[in-house]
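Visitor: Contents of start-v5.cif (mmCIF, C-alpha atoms) are given next:
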```
data_query
loop_
_atom_site.label_atom_id
_atom_site.label_comp_id
_atom_site.auth_asym_id
_atom_site.auth_seq_id
_atom_site.Cartn_x
_atom_site.Cartn_y
_atom_site.Cartn_z
CA MET R 1 -0.41 -23.91 -27.89
CA SER R 2 -2.58 -21.39 -29.72
CA GLN R 3 -1.84 -17.71 -29.45
CA SER R 4 -5.10 -17.05 -27.57
CA LEU R 5 -4.28 -19.80 -25.08
CA GLN R 6 -0.80 -18.36 -24.61
CA LEU R 7 -2.27 -14.93 -23.89
CA ASP R 8 -4.79 -16.40 -21.45
CA THR R 9 -2.06 -18.36 -19.69
CA LEU R 10 0.24 -15.34 -19.50
CA SER R 11 -2.62 -13.23 -18.12
CA LEU R 12 -3.29 -15.84 -15.42
CA TYR R 13 0.42 -15.90 -14.55
CA LEU R 14 0.57 -12.11 -14.21
CA PHE R 15 -2.61 -12.16 -12.12
CA CYS R 16 -1.04 -14.70 -9.75
CA VAL R 17 2.21 -12.75 -9.38
CA VAL R 18 0.56 -9.37 -8.83
CA GLY R 19 -2.25 -10.85 -6.73
CA ALA R 20 0.19 -12.56 -4.35
CA ASN R 21 2.05 -9.29 -3.79
CA ILE R 22 -1.08 -7.22 -3.27
CA LEU R 23 -2.56 -9.81 -0.89
CA GLN R 24 0.55 -9.59 1.24
CA ALA R 25 0.62 -5.79 1.15
CA ILE R 26 -3.02 -5.05 2.00
CA VAL R 27 -4.00 -8.09 4.08
CA VAL R 28 -1.11 -10.02 5.67
CA LEU R 29 1.13 -7.12 6.69
CA PRO R 30 -1.68 -4.85 7.98
CA LEU R 31 -2.93 -7.76 10.11
CA LEU R 32 0.57 -8.06 11.59
CA LEU R 33 0.56 -4.37 12.52
CA LYS R 34 -2.96 -4.55 13.98
CA ARG R 35 -1.95 -7.54 16.06
CA LYS R 36 0.83 -5.41 17.54
CA GLY R 37 -1.61 -2.59 18.29
CA MET R 38 -0.68 -0.28 15.40
CA ASP R 39 -2.85 1.39 12.77
CA PRO R 40 -1.67 0.22 9.30
CA MET R 41 -2.98 3.30 7.49
CA VAL R 42 -1.20 5.66 9.86
CA ILE R 43 2.07 3.77 9.44
CA PHE R 44 1.59 3.63 5.66
CA LYS R 45 1.12 7.41 5.40
CA LYS R 46 4.17 8.08 7.57
CA MET R 47 6.36 5.73 5.52
CA LEU R 48 4.98 6.67 2.08
CA PRO R 49 8.13 8.60 1.00
CA ALA R 50 10.28 5.49 1.50
CA LEU R 51 7.79 3.34 -0.42
CA GLN R 52 7.82 5.85 -3.27
CA VAL R 53 11.62 5.71 -3.46
CA ALA R 54 11.50 1.91 -3.57
CA PHE R 55 8.78 1.94 -6.24
CA TRP R 56 10.45 4.36 -8.65
CA SER R 57 14.02 3.15 -8.10
CA LYS R 58 13.03 -0.55 -8.19
CA SER R 59 15.56 -1.04 -5.41
CA SER R 60 14.85 -1.77 -1.75
CA SER R 61 18.47 -0.93 -0.90
CA ALA R 62 18.06 2.57 -2.36
CA ALA R 63 15.07 3.15 -0.09
CA LEU R 64 16.89 2.12 3.10
CA PRO R 65 18.18 5.60 4.13
CA VAL R 66 14.76 7.19 3.59
CA ALA R 67 13.00 4.35 5.40
CA LEU R 68 15.33 4.62 8.40
CA LYS R 69 14.93 8.38 8.53
CA HIS R 70 11.14 8.29 8.55
CA LEU R 71 11.01 5.39 11.00
CA LYS R 72 13.16 7.25 13.48
CA CYS R 73 11.49 10.64 12.97
CA ASN R 74 7.83 9.68 12.50
CA THR R 75 7.44 6.74 14.87
CA ASP R 76 8.41 6.02 18.47
CA ILE R 77 10.60 3.10 17.47
CA ASP R 78 13.80 2.37 19.35
CA HIS R 79 16.58 3.72 17.12
CA LYS R 80 18.80 0.73 17.90
CA VAL R 81 16.08 -1.69 16.77
CA ALA R 82 15.53 0.26 13.56
CA SER R 83 19.26 0.46 12.82
CA ILE R 84 19.68 -3.30 13.17
CA SER R 85 16.38 -4.66 11.85
CA MET R 86 15.93 -2.56 8.71
CA PRO R 87 19.31 -3.30 7.07
CA LEU R 88 18.89 -6.98 7.95
CA CYS R 89 15.37 -7.08 6.50
CA ILE R 90 16.47 -5.25 3.36
CA SER R 91 19.07 -7.98 2.85
CA ILE R 92 17.02 -11.12 3.52
CA ASN R 93 13.30 -10.23 3.66
CA MET R 94 12.50 -10.49 -0.07
CA ASN R 95 8.94 -11.82 0.03
CA GLY R 96 7.90 -10.38 -3.32
CA CYS R 97 11.01 -11.79 -4.97
CA ALA R 98 10.39 -15.27 -3.54
CA ALA R 99 6.81 -15.24 -4.82
CA PHE R 100 7.95 -14.14 -8.28
CA ILE R 101 10.66 -16.80 -8.53
CA LEU R 102 8.33 -19.60 -7.41
CA THR R 103 5.45 -18.60 -9.67
CA THR R 104 7.73 -18.03 -12.65
CA VAL R 105 9.51 -21.38 -12.32
CA PHE R 106 6.17 -23.20 -12.10
CA PHE R 107 4.68 -21.25 -15.00
CA VAL R 108 7.58 -21.57 -17.43
CA SER R 109 8.14 -25.22 -16.53
CA LYS R 110 4.47 -26.03 -17.12
CA CYS R 111 4.56 -24.31 -20.50
CA HIS R 112 7.38 -26.71 -21.43
CA GLY R 113 5.50 -29.76 -20.18
CA ILE R 114 7.35 -30.07 -16.87
CA PHE R 115 5.13 -30.69 -13.84
CA PHE R 116 6.04 -31.00 -10.16
CA SER R 117 4.69 -33.32 -7.51
CA ALA R 118 3.57 -31.97 -4.13
CA PRO R 119 6.90 -32.81 -2.40
CA GLU R 120 8.80 -31.19 -5.28
CA MET R 121 6.66 -28.06 -4.92
CA LEU R 122 7.56 -27.87 -1.24
CA ILE R 123 11.23 -28.16 -2.16
CA TRP R 124 10.80 -25.35 -4.70
CA ILE R 125 9.22 -23.16 -2.03
CA LEU R 126 12.40 -23.61 0.02
CA ILE R 127 14.62 -23.01 -3.02
CA SER R 128 12.72 -19.84 -3.95
CA THR R 129 12.93 -18.52 -0.40
CA LEU R 130 16.67 -19.15 -0.10
CA THR R 131 17.30 -17.72 -3.56
CA ALA R 132 15.37 -14.57 -2.67
CA VAL R 133 17.41 -14.20 0.52
CA GLY R 134 20.55 -14.15 -1.62
CA ASN R 135 19.11 -11.63 -4.05
CA ALA R 136 20.65 -8.16 -4.11
CA GLY R 137 18.22 -5.28 -3.61
CA VAL R 138 18.76 -3.97 -7.14
CA PRO R 139 16.54 -3.76 -10.24
CA MET R 140 15.92 -6.97 -12.24
CA GLY R 141 17.48 -9.20 -9.58
CA CYS R 142 14.54 -11.61 -9.30
CA TYR R 143 14.19 -11.88 -13.06
CA PHE R 144 17.79 -12.96 -13.56
CA LEU R 145 17.64 -15.37 -10.64
CA SER R 146 14.55 -17.00 -12.16
CA CYS R 147 16.38 -17.32 -15.48
CA ALA R 148 19.35 -18.91 -13.73
CA LEU R 149 17.17 -21.50 -11.99
CA LEU R 150 15.34 -22.37 -15.20
CA SER R 151 18.62 -22.64 -17.10
CA SER R 152 19.97 -25.03 -14.47
CA MET R 153 16.96 -27.26 -15.22
CA GLY R 154 17.62 -27.13 -18.94
CA VAL R 155 14.40 -25.20 -19.60
CA SER R 156 14.29 -22.80 -22.55
CA LEU R 157 14.12 -19.12 -21.59
CA GLN R 158 12.07 -18.07 -24.61
CA ILE R 159 8.95 -17.46 -22.51
CA MET R 160 10.97 -15.20 -20.19
CA GLY R 161 11.16 -12.84 -23.15
CA PHE R 162 7.37 -12.47 -23.04
CA ILE R 163 7.49 -11.83 -19.30
CA LEU R 164 10.27 -9.21 -19.51
CA PRO R 165 8.12 -6.26 -20.72
CA PHE R 166 5.72 -6.79 -17.82
CA TYR R 167 8.48 -7.29 -15.28
CA VAL R 168 9.29 -3.58 -15.26
CA MET R 169 6.03 -2.87 -13.41
CA ILE R 170 6.22 -6.08 -11.37
CA ASP R 171 9.70 -5.09 -10.16
CA MET R 172 8.46 -1.67 -9.06
CA LEU R 173 5.58 -3.22 -7.15
CA GLU R 174 7.74 -5.90 -5.56
CA SER R 175 10.37 -3.42 -4.41
CA ALA R 176 7.80 -1.20 -2.71
CA ILE R 177 6.10 -4.17 -1.04
CA ASN R 178 9.45 -5.58 0.10
CA VAL R 179 10.21 -2.28 1.86
CA TRP R 180 6.67 -2.15 3.28
CA SER R 181 7.25 -5.66 4.63
CA ASP R 182 10.61 -4.63 6.11
CA ILE R 183 8.97 -1.68 7.86
CA CYS R 184 6.14 -3.81 9.27
CA VAL R 185 8.51 -6.50 10.51
CA THR R 186 10.78 -3.91 12.13
CA LEU R 187 7.86 -2.26 13.92
CA ALA R 188 6.62 -5.68 15.06
CA VAL R 189 10.07 -6.52 16.43
CA ASN R 190 10.16 -3.17 18.23
CA ALA R 191 6.73 -3.83 19.76
CA ASP R 192 7.87 -7.23 21.03
CA ASN R 193 11.06 -5.64 22.39
CA GLU R 194 9.08 -3.01 24.28
CA MET R 195 6.76 -5.69 25.67
CA ALA R 196 9.73 -7.72 26.88
CA HIS R 197 11.23 -4.65 28.59
CA ASP R 198 7.90 -3.82 30.25
CA LEU R 199 7.54 -7.41 31.47
CA GLU R 200 11.08 -7.39 32.82
CA ALA R 201 10.47 -4.09 34.59
CA SER R 202 7.25 -5.35 36.17
CA GLU R 203 9.02 -8.47 37.43
CA ILE R 204 11.76 -6.35 38.98
CA THR R 205 9.31 -4.04 40.75
CA ALA R 206 7.28 -7.05 41.94
#
```
Would you kindly transcribe this structure into structure tokens?
Guide:
Amino acid sequence: MSQSLQLDTLSLYLFCVVGANILQAIVVLPLLLKRKGMDPMVIFKKMLPALQVAFWSKSSSAALPVALKHLKCNTDIDHKVASISMPLCISINMNGCAAFILTTVFFVSKCHGIFFSAPEMLIWILISTLTAVGNAGVPMGCYFLSCALLSSMGVSLQIMGFILPFYVMIDMLESAINVWSDICVTLAVNADNEMAHDLEASEITA
């Protein structure tokens, strides 16, 4: 491959990784909040301190205390729901990490002449999701997990060296979006919980 082609390919890869995260943050998650009757911009402003901690620390776990504090103080969420849902989401809801692992495995494999069929791609979606669930909420976690998966396939990690300088910013973005996702999911769960309680109360009074 020529150097210009390598640069073009790397640029496309970075566009896919960043684009997938941004699409989730500004389209998918706000739609979830709107469906539950909440204003995404209002929630975003209230939870901005937690997102800033996640962004600069590159750790969703580090942002958990701040996120819990602002959820309980700045929203009408049930404190029990927040206390259960947020730690659980921080542990297993790693959407940005899953997207990075999947895109990176496909990209690096393709650069080494390894291509996947449609069924194999579906399997890799499952692998990436499960791997992300097992990822610790610490800096560089997704990068090392991607390297481990590629190594298990016997793929050279040379290209990962080109990705590493860019991963610093990707990791910051992913951590903030992971926490944003955790917050949105927790608020959605709380909304469903309130609806269930209201329905139960109406049935009792009826």
Visitor: Would you kindly identify which residues have an atom no farther than 9 Å from (13.8, 0.7, 12.3), using only C-alpha atoms and the file's own coordinates, and write them out as an MDAnalysis selection string?
Guide: chainID R and resid 67:72 77:87 182:183 186:187 190
Visitor: Between atom CA of Asp192 of chain R and atom CA of Ser175 of chain R, measure the distance and give it in Å to one decimal.
Guide: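 Result for atom CA of Asp192 of chain R versus atom CA of Ser175 of chain R: 25.8 Å, one decimal.
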Visitor: Between atom CA of Val189 of chain R and atom CA of Ile43 of chain R, measure the distance and give it in Å to one decimal.
Guide: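 Spanning atom CA of Val189 of chain R to atom CA of Ile43 of chain R is a straight-line distance of 14.8 Å.
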Visitor: Considering all atoms listed in the file, state which residue in the set R:Leu10, R:Leu102, R:Ile170, R:Ala62 is at the smallest distance from Phe116 of chain R.
Guide: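 That would be R:Leu102, the residue with the smallest distance to Phe116 of chain R.
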Visitor: Could you please determine the separation between atom CA of Ala136 of chain R and atom CA of Ser11 of chain R in Å, to one decimal place?
Guide: 27.6 Å
Visitor: Which residue is closest to Gly154 of chain R? Choose from R:Ile114, R:Val138, R:Ala132, R:Val168 and count all atoms listed in the file.
Guide: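 For Gly154 of chain R, the nearest of the given residues is R:Ile114.
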Visitor: Evaluating the PyMOL selection byres ((chain R and resi 100) around 9) on the displayed file yields which residues, as a list in words?
Guide: Val17, Val18, Ala20, Asn21, Asn95, Gly96, Cys97, Ala98, Ala99, Ile101, Leu102, Thr103, Thr104, Val105, Ser128, Cys142, Tyr143, Ser146, Ile170 and Glu174 of chain R
Visitor: For the file shown, what are the residues hit by the PyMOL selection byres ((chain R and resi 111) around 12), laid out as a list of chain:residue names?
Guide: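 Selection result, ordered by chain and number: R:Met1, R:Leu5, R:Gln6, R:Thr9, R:Leu10, R:Tyr13, R:Thr104, R:Val105, R:Phe106, R:Phe107, R:Val108, R:Ser109, R:Lys110, R:His112, R:Gly113, R:Ile114, R:Phe115, R:Val155, R:Ser156, R:Leu157, R:Gln158, R:Ile159, R:Met160.
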Visitor: Please provide the set of residues having any atom within 9 Å of Pro30 of chain R, restricted to all atoms listed in the file, with same-chain residues fewer than 3 positions apart removed, written as a list in words.
Guide: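 In the requested format, the answer is Gln24, Ala25, Ile26, Val27, Leu33, Lys34, Arg35, Met38, Asp39, Pro40, Met41 and Cys184 of chain R.
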Visitor: Specify the axis-aligned box that encloses all atoms of segment 39-55 of chain R listed in the file after padding of 6 Å on each side, stating its centre and edge lengths in Å to one decimal as AutoDock Vina command-line options.
Guide:
```
--center_x 4.3 --center_y 4.4 --center_z 3.3 --size_x 26.6 --size_y 20.4 --size_z 31.0
```
Visitor: Which of these residues is nearest to Leu130 of chain R, using only C-alpha atoms: R:Leu145, R:Met169, R:Ala191, R:Ala196?
Guide: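 Once distances to Leu130 of chain R are computed over only C-alpha atoms, the minimum belongs to R:Leu145.
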Visitor: Choose the residue, out of R:Gly37, R:Ser59, R:Gly134, R:Lys46, that has the smallest atom-to-atom separation from Met172 of chain R; count all atoms listed in the file.
Guide: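 Looking only at the distances to Met172 of chain R, the closest residue turns out to be R:Ser59.
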Visitor: Counting all atoms listed in the file, which of R:Ile90, R:Thr129, R:Ala148, R:Phe44 gets nearest to Pro65 of chain R?
Guide: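 Checking each of R:Ile90, R:Thr129, R:Ala148, R:Phe44 against Pro65 of chain R, counting all atoms listed in the file, the winner is R:Ile90.
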Visitor: So, counting only C-alpha atoms, which residue among R:Ala188, R:Leu164, R:Val179, R:Leu12 is closest to Cys89 of chain R?
Guide: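 Of R:Ala188, R:Leu164, R:Val179, R:Leu12, the one nearest Cys89 of chain R is R:Val179, counting only C-alpha atoms.
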